[in-house]
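These notes are about the structure you will find just below.
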Amino acid sequence: MQPPLVEMRGIRKAFPGVVANDGASLELRAGEVHALLGENGAGKTTLMNVLAGLYRPDAGEVLIGGRAVEIRSPGRAIALGIGMVHQRFKLVPGFTVAENVTLGMKEPRFVFHPRSIEDSIGAFARDRGLPVDPRARIRQLSVGEQQRVEIVKALWRGAGILIMDEPTAVLTPREVRELFGVMNRMAAEGKAVVFITHKLSEVMEIADRVTVMRHGRRAATVEKAGTSPVELATLMMGRGHKAPACDVHAGQPGPVVLEALDLEAEGDRGERALRGLTLEIRAGEILGIAGVAGNGQRELAEAIAGLRRVTAGSIRVGGTDVTNAGPARAIDAGVGYIPEDRLGTGLAAGMSVAENLIMKAYRGAELSTGPFLRRGRTVEWSRRLAERFRIKTPSLDTPVSSLSGGNAQRVLLARETASRPKLIVAAHPTRGLDVAATDHIRAILREQRRAGSAVLLISGDLDEIMALSDRIAVLYEGEILGTFPCAGADLERIGLMMGGVRTSGPAREGTTVPSCMRRHGRLRTK
Amino acid sequence: MFVIERRAERSALFRFVSPALAVLTALVCGALFLKVSGFDPLAVYGGMWRGAFGDAYGLSETIVKAIPIALCALGIAVAFRMNLWNIGAEGQLYAGAAAAAWVALSFPGAPAAFVLPAMTAAGMSAGALWALLAAVPRAWVGANEILTTLMLNYTAVFLSEYLIHGPWKDPAGFNFPLSPAFSEAARLPAFGDTRIHAGLIFALAAAAALTVALRKTKWGYELRLVGASPAVATYAGVGIARHVLVAMAVGGALAGLAGMTEVSAITGRLQYGLSPGYGYSAIIVAWLAKLSPAGILAMAFLFGGLLVGGYAVQFIGVPAAAVNMLQGAMLFFWLAAEFLGRYRVALRGRPREVR
Ligand SMILES: Nc1ncnc2c1ncn2[C@@H]1O[C@H](COP(=O)(O)OP(=O)(O)OP(=O)(O)O)[C@@H](O)[C@H]1O
Ligand SMILES: [Mg+2]
């Protein structure tokens with residue numbers, strides 16, 4: 001039998017503190033679209049960066065056409081016919097399309113770009129279904145067009161193996177259709193296309209084979225024709241993945257604290273990040289948001305905290321309307337917010353522990369009189385918080401930037417819970433923390449629930465969501481696809497929904513036919 | 001290959017040494033310049049020292065010059081603390097001077113108890129308004145305050161020149177560009193027979209008030225928060241736009257106050273060349289003092305001495321621009337020292353391929 005076009009065996013790649021790839025393997029065949037699936041942090045991007053020569057693996061080998069190769073640099077990868085379209089494009093904004101395509105190549109020199117070269121790049125792109133104006137400057141192009149330039153760049157250098165890292169995340173549905181056309185055409189020409197995505201429907205539509213990664217290694221490689229979204233979701237989360245015991249607690253949920261109705265909001269790039277999102281949380285309840293990163297989590301948290309304008313819908317906290325009211329009024333209404341970006345948004349890195357601890361409370365009568373801060377009280381206040389939350393710091397005057405991650409996060413939680421907020425929005429509260437800190441942070445959140453706060457928990461870690469939440473809502477492309485009580489939650493369905501498959505069931509009325517279940521014929525024109 | 005890397009920690013010693021080092025290096029460079037131009041650097045510096053600090057008169061004149069510099073620097077330091085580059089103190093000073101002059105000229109017969117407070121209020125308001133002309137576009141549409149405050153400097157200077165060449169020209173002034181002299185009541189009192197005037201009290205009071213406000217008030221805390229990170233401040237519910245307006249207005253009011261004291265105490269009229277660049281010296285003073293109010297008082301005194309000393313050596317032919325050059329060199333070396341305090345330049349081999 002002919003050897004596979006690419007074979008990666010036992011790839012290991014560790015970063016300080018994490019092992020991103022731990023014995024990962026992958027085979028690619030000529031003429032296939034190969035989907036790479038896996039939860040956030042499963043190691044997909046790292047594995048592909050190894051193939052593209054950006055990372056050197058700590059162990060393992062790569063074979064191309066059956067011959068072991070050492071891919072020491074991106075240049076070497078290109079020479080081997082491997083091209084990669086990164087999630088963040090690597091284009092020079094001020095240069096033209098043609099200059100970017102030829103940049104770094106020996107021939108032709110990119111500084112001299114006679115019309116003939118521009119024209120041939122234009123024709124080359126058009127022939128492959130990737131129309132771009134070779135003379136346009138990158139910064140004038142839309143995201144979709146820039147992606148086309150990246151693909152043209154890889155193909156122009158003769159890539160026979162094209163890796164695309166979450167290419168559809170930034171595209172409109174029409175652009176996705178066009179991209180799929182291009183991918184099919186490349187496969188038909190005998191190239192191998194690696195397609196990373198989180199959307200099961202896309203996998204079912206375009207892939208020939210699927211490799212599922214979990215915890216840095218391959219969970220399985222399956223033929224698309226012989227699998228189903230259900231199987232893929234189960235593979236992603238782990239077979240026999242027993243739902244971790246839900247944290248059942250005695251208290252009855254109280255009155256509704258957060259009421260978000262039909263929220264619509266734009267993301268930073270102007271895309272529609274929230275699309276009619278509706279949810280409700282009661283006092284004494286933790287609602288976990290499950291979902292693949294980038295489906296509107298950040299925008300949802302920011303909208304509730306008053307940091308992002310919503311374009312439609314309303315937000316009420318404890319009966320007060322805080323829709324587009326700004327952060328100060330959200331704070332006054334009782335919203336505590338633990339942002340995902342701790343040292344960029346939640347903590348002033350250069351300021352002291354004490355100054356960070358009073359950041360939400362200094363306006364109150366307890367810490368100030370008239371325009372003056374009460375120095376004695378603020379010191380006492382921060383000393384008490386530091387003690388209660390076991391913040392390890394040389395002194396209260398130490399800048400937060402020199403605390404460990406876990407202690408910095410304790411500062412943040414101490415502050416946000418100190419004023420007994422009605423609602424706590426916690427985004428990835430334990431990301432990057434060690435076991436002890438993680439347990440502590442979770443204990444704090446549980447205690448807040450016991451004290452009657454409503455908690456909105458956003459996390460990429462399904463185990464964490466199961467461990468903390470009373471109810472779980474699945475967020476996909478800015479919408480809640482379903483809400484489940486944690487006890488007895490069907491992990492398989494949650495996994496499917498995270499991949500965009502709407503399933504029918506008691507959790508949600510109305511049945512949507514999962515589009516991905518319909519088999520699509522491949523358009524192969526030889 | 002040279003590379004520039006960030007230092008993990010700023011060395012504590014450096015933080016205190018860098019302003020002194022900057023002043024010294026600037027003096028050494030100035031000495032080289034003087035030598036090349038055919039002067040004896042030691043004689044020139046000696047002359048400057050004696051002129052500025054050598055006798056009671058020199059000292060009093062040094063303080064006279066230090067007053068407007070200190071007031072302007074205290075004001076712009078507030079904006080600098082939140083990374084707002086208000087370099088418009090010069091224009092705000094002129095706006096304040098013109099407004100104070102307008103009050104003095106409009107009420108020639110009024111008693112001091114009315115006219116001095118009125119001039120003070122007018123000067124401070126005009127300075128604040130002038131600053132707000134730049135602050136409002138900055139707060140609402142993000143217009144770059146460096147450009148707007150700089151441009152408004154020229155506008156204010158030319159506006160006051162227009163006034164003294166045109167509508168406010170002294171009919172008895174032999175066609176010189178001056179306004180009529182103010183009434184005695186509109187003159188700020190001086191101490192003894194020196195020219196040191198009540199503006200000194202304003203400067204000391206402003207420094208004290210700012211020290212308290214920055215350390216002990218919610219406003220000072222918020223200012224620090226905005227300066228540390230606008231994103232975090234927004235997250236904490238602190239309105240950035242409001243702070244931009246307030247910080248600029250405070251700066252403008254203090255610069256306007258400097259303008260008022262100059263016309264009221266020193267010149268007694270609005271006239272050409274009111275400020276030899278006090279508003280610009282103030283920028284250097286604020287940075288060399290690391291934005292601390294007490295430090296600003298000390299640095300302003302030093303810069304006042306530089307001006308007076310510079311006048312003192314002009315009679316031996318040292319050009320007036322030498323003083324400006326020294327000031328500029330101090331800022332330059334201070335910036336360099338700060339940079340080296342934060343980063344270091346290291347010599348590196350070419351990066352090796354990892355094995
Ligand atoms: N340059 C790096 N330095 C340190 N850690 C890294 C680096 N790149 C990746 N990691 C870590 O390695 C793990 C795997 O990351 P990787 O980006 O490969 O995941 P992924 O499967 O592509 O996830 P996603 O779906 O979120 O893109 C993660 O824990 C990540 O934080
Ligand atoms: Mg990735």
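Labeling convention for the structure tokens: chains A, B, ... as they appear, residues from 1 per chain, ligands from 1 in order of appearance.
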Query raised in the report: So which residues are near ligand 1, meaning at most 8 Å away with only C-alpha atoms and all ligand atoms counted, given back as a PyMOL selection string?
Result: chain A and resi 14-21+37-47+165-166+197-198+213+216+292-293
Requested in this report: Show me which bits of chain B are within 12 Å of chain A, counting only C-alpha atoms, as a PyMOL selection string.
Outcome: chain B and resi 8-9+212-222+224-240+353-355
Skipping near chain neighbours, those fewer than 6 positions away, what residues fall within 7 Å of Pro134 in chain A using only C-alpha atoms, listed as a PDB file with N, CA, C and O atoms, in the first residue's frame?
ATOM      1  N   THR A  96       1.032  45.322  -1.131  1.00  0.00           N
ATOM      2  CA  THR A  96      -0.033  44.868  -2.005  1.00  0.00           C
ATOM      3  C   THR A  96      -0.161  43.347  -1.896  1.00  0.00           C
ATOM      4  O   THR A  96       0.687  42.670  -1.314  1.00  0.00           O
ATOM      5  N   VAL A  97      -1.235  42.846  -2.486  1.00  0.00           N
ATOM      6  CA  VAL A  97      -1.466  41.411  -2.510  1.00  0.00           C
ATOM      7  C   VAL A  97      -0.284  40.703  -3.172  1.00  0.00           C
ATOM      8  O   VAL A  97       0.275  39.743  -2.633  1.00  0.00           O
ATOM      9  N   ALA A  98       0.135  41.219  -4.340  1.00  0.00           N
ATOM     10  CA  ALA A  98       1.223  40.568  -5.066  1.00  0.00           C
ATOM     11  C   ALA A  98       2.506  40.584  -4.245  1.00  0.00           C
ATOM     12  O   ALA A  98       3.248  39.600  -4.190  1.00  0.00           O
ATOM     13  N   GLU A 118       2.252  40.506 -11.353  1.00  0.00           N
ATOM     14  CA  GLU A 118       0.949  40.792 -10.747  1.00  0.00           C
ATOM     15  C   GLU A 118      -0.157  40.103 -11.529  1.00  0.00           C
ATOM     16  O   GLU A 118      -1.047  39.478 -10.950  1.00  0.00           O
ATOM     17  N   ILE A 121      -0.225  36.397 -10.960  1.00  0.00           N
ATOM     18  CA  ILE A 121      -0.786  36.056  -9.648  1.00  0.00           C
ATOM     19  C   ILE A 121      -2.301  36.186  -9.688  1.00  0.00           C
ATOM     20  O   ILE A 121      -3.034  35.312  -9.191  1.00  0.00           O
ATOM     21  N   GLY A 122      -2.782  37.261 -10.318  1.00  0.00           N
ATOM     22  CA  GLY A 122      -4.230  37.453 -10.427  1.00  0.00           C
ATOM     23  C   GLY A 122      -4.891  36.295 -11.150  1.00  0.00           C
ATOM     24  O   GLY A 122      -5.914  35.754 -10.698  1.00  0.00           O
TER      25      GLY A 122
END
Query raised in the report: When you draw a straight line from CA of Val425 in chain A to CA of Pro399 in chain A, how long is it in Å?
Result: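 CA of Val425 in chain A sits 24.9 Å away from CA of Pro399 in chain A.
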Query raised in the report: Hey, what does DSSP flag as helix (DSSP H, G or I) within range 238-434 of chain A? Can you give it to me as a PyMOL selection string?
Result: chain A and resi 297-304+327-332+342-346+353-357+375-388+400-402+405-418
Any chance you can output those residues with C-alpha atoms as a PDB file, in the first residue's frame?
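Listing of again-v8.pdb after writing:
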ATOM      1  CA  GLN A 297     -18.820  34.427  25.702  1.00  0.00           C
ATOM      2  CA  ARG A 298     -16.710  37.532  26.057  1.00  0.00           C
ATOM      3  CA  GLU A 299     -19.324  39.762  24.504  1.00  0.00           C
ATOM      4  CA  LEU A 300     -22.020  38.374  26.798  1.00  0.00           C
ATOM      5  CA  ALA A 301     -19.936  39.001  29.905  1.00  0.00           C
ATOM      6  CA  GLU A 302     -19.003  42.495  28.779  1.00  0.00           C
ATOM      7  CA  ALA A 303     -22.568  43.405  27.900  1.00  0.00           C
ATOM      8  CA  ILE A 304     -23.747  42.449  31.386  1.00  0.00           C
ATOM      9  CA  PRO A 327     -20.012  49.989  33.980  1.00  0.00           C
ATOM     10  CA  ALA A 328     -20.639  52.362  36.877  1.00  0.00           C
ATOM     11  CA  ARG A 329     -24.382  51.691  36.901  1.00  0.00           C
ATOM     12  CA  ALA A 330     -23.867  47.977  36.447  1.00  0.00           C
ATOM     13  CA  ILE A 331     -21.627  48.019  39.517  1.00  0.00           C
ATOM     14  CA  ASP A 332     -24.244  50.001  41.433  1.00  0.00           C
ATOM     15  CA  ARG A 342      -7.271  39.590  34.517  1.00  0.00           C
ATOM     16  CA  LEU A 343      -4.242  41.817  34.314  1.00  0.00           C
ATOM     17  CA  GLY A 344      -5.491  43.776  31.318  1.00  0.00           C
ATOM     18  CA  THR A 345      -8.990  44.554  32.505  1.00  0.00           C
ATOM     19  CA  GLY A 346      -9.600  43.391  36.036  1.00  0.00           C
ATOM     20  CA  VAL A 353      -2.638  45.030  46.194  1.00  0.00           C
ATOM     21  CA  ALA A 354      -4.423  47.459  48.499  1.00  0.00           C
ATOM     22  CA  GLU A 355      -5.238  49.886  45.720  1.00  0.00           C
ATOM     23  CA  ASN A 356      -6.626  47.035  43.655  1.00  0.00           C
ATOM     24  CA  LEU A 357      -8.688  45.708  46.527  1.00  0.00           C
ATOM     25  CA  ARG A 375      -6.850  56.025  54.821  1.00  0.00           C
ATOM     26  CA  GLY A 376      -7.219  53.979  57.999  1.00  0.00           C
ATOM     27  CA  ARG A 377     -10.362  52.293  56.755  1.00  0.00           C
ATOM     28  CA  THR A 378      -8.944  51.437  53.340  1.00  0.00           C
ATOM     29  CA  VAL A 379      -5.892  49.839  54.916  1.00  0.00           C
ATOM     30  CA  GLU A 380      -8.060  47.882  57.312  1.00  0.00           C
ATOM     31  CA  TRP A 381     -10.435  46.897  54.528  1.00  0.00           C
ATOM     32  CA  SER A 382      -7.710  45.518  52.285  1.00  0.00           C
ATOM     33  CA  ARG A 383      -5.920  43.848  55.192  1.00  0.00           C
ATOM     34  CA  ARG A 384      -9.125  42.002  56.132  1.00  0.00           C
ATOM     35  CA  LEU A 385      -9.806  40.921  52.555  1.00  0.00           C
ATOM     36  CA  ALA A 386      -6.243  39.740  52.057  1.00  0.00           C
ATOM     37  CA  GLU A 387      -6.537  37.688  55.193  1.00  0.00           C
ATOM     38  CA  ARG A 388      -9.956  36.234  54.494  1.00  0.00           C
ATOM     39  CA  VAL A 400      -0.196  43.160  41.775  1.00  0.00           C
ATOM     40  CA  SER A 401       2.050  42.470  38.793  1.00  0.00           C
ATOM     41  CA  SER A 402       4.512  40.687  41.073  1.00  0.00           C
ATOM     42  CA  GLY A 405      -1.376  34.045  39.027  1.00  0.00           C
ATOM     43  CA  GLY A 406      -3.367  32.352  41.758  1.00  0.00           C
ATOM     44  CA  ASN A 407      -2.856  35.173  44.208  1.00  0.00           C
ATOM     45  CA  ALA A 408      -3.683  37.815  41.645  1.00  0.00           C
ATOM     46  CA  GLN A 409      -6.909  35.954  40.949  1.00  0.00           C
ATOM     47  CA  ARG A 410      -7.641  35.846  44.671  1.00  0.00           C
ATOM     48  CA  VAL A 411      -7.277  39.631  44.758  1.00  0.00           C
ATOM     49  CA  LEU A 412      -9.788  39.874  41.950  1.00  0.00           C
ATOM     50  CA  LEU A 413     -12.284  37.503  43.569  1.00  0.00           C
ATOM     51  CA  ALA A 414     -11.862  39.065  46.973  1.00  0.00           C
ATOM     52  CA  ARG A 415     -12.684  42.464  45.562  1.00  0.00           C
ATOM     53  CA  GLU A 416     -15.576  41.367  43.383  1.00  0.00           C
ATOM     54  CA  THR A 417     -17.282  39.383  46.105  1.00  0.00           C
ATOM     55  CA  ALA A 418     -16.519  41.747  48.990  1.00  0.00           C
TER      56      ALA A 418
END
Query raised in the report: What lies within 8 Å of Leu223 in chain B using only C-alpha atoms, ignoring chain neighbours under 5 positions off, as a ChimeraX atom specification?
Result: /B:81-82,214,243
**Report entry** CA of Gly23 in chain A to CA of Ala77 in chain A, distance in Å rounded to a single decimal
**Finding:**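 Computing it gives 20.9 Å between the two atoms.
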Pick out the residues sitting within 9 Å of Val149 in chain A, and hand them over as a PDB file with C-alpha atoms, in the first residue's frame; count only C-alpha atoms, and ignore anything fewer than 5 positions along from it in its own chain.
ATOM      1  CA  LEU A  91       0.263  39.530   6.016  1.00  0.00           C
ATOM      2  CA  VAL A  97      -1.466  41.411  -2.510  1.00  0.00           C
ATOM      3  CA  ALA A  98       1.223  40.568  -5.066  1.00  0.00           C
ATOM      4  CA  ASN A 100       2.637  39.669   0.079  1.00  0.00           C
ATOM      5  CA  VAL A 101       2.341  36.617  -2.111  1.00  0.00           C
ATOM      6  CA  ALA A 125      -5.803  33.044  -8.013  1.00  0.00           C
ATOM      7  CA  LEU A 130      -9.890  32.747  -5.170  1.00  0.00           C
ATOM      8  CA  VAL A 132      -8.342  38.881  -5.518  1.00  0.00           C
ATOM      9  CA  PRO A 134      -3.187  41.585  -6.965  1.00  0.00           C
ATOM     10  CA  ILE A 138      -3.899  44.260   2.314  1.00  0.00           C
ATOM     11  CA  GLY A 144     -12.437  36.954   3.885  1.00  0.00           C
ATOM     12  CA  ALA A 154       0.563  29.106   0.101  1.00  0.00           C
TER      13      ALA A 154
END
Query raised in the report: Leaving out Pro74 in chain A and any residue of its chain fewer than 3 positions from it, which residues lie within 8 Å of it when counting only C-alpha atoms, given as a ChimeraX atom specification?
Result: /A:52-54,71,77-78
Query - Minimum-distance residue to ligand 2, chosen among A:Asn295, A:Ser352, A:Gln448, A:Gln87 (using only C-alpha atoms and all ligand atoms) - result: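 Distance minimum relative to ligand 2 lands on A:Gln87.
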Query raised in the report: Leaving out Pro421 in chain A and any residue of its chain fewer than 3 positions from it, which residues lie within 7 Å of it when counting only C-alpha atoms, given as a ChimeraX atom specification?
Result: /A:334-336,417,424,453
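Put simply, CA of Ala219 in chain A is 15.8 Å away from CA of Leu28 in chain A.
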Requested in this report: Compare A:Ala79, A:Ile465, A:Ala489, A:Val85 by their minimum atom-to-atom distance to ligand 2, counting only C-alpha atoms and all ligand atoms, and give me the closest one.
Outcome: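 Closest to ligand 2 of all the choices is A:Val85.
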Report task. Please report, as a VMD selection string, each residue of range 75-153 of chain A to which DSSP assigns strand (DSSP E or B) when run on this structure's backbone. Result -> chain A and resid 82 to 85 96 137
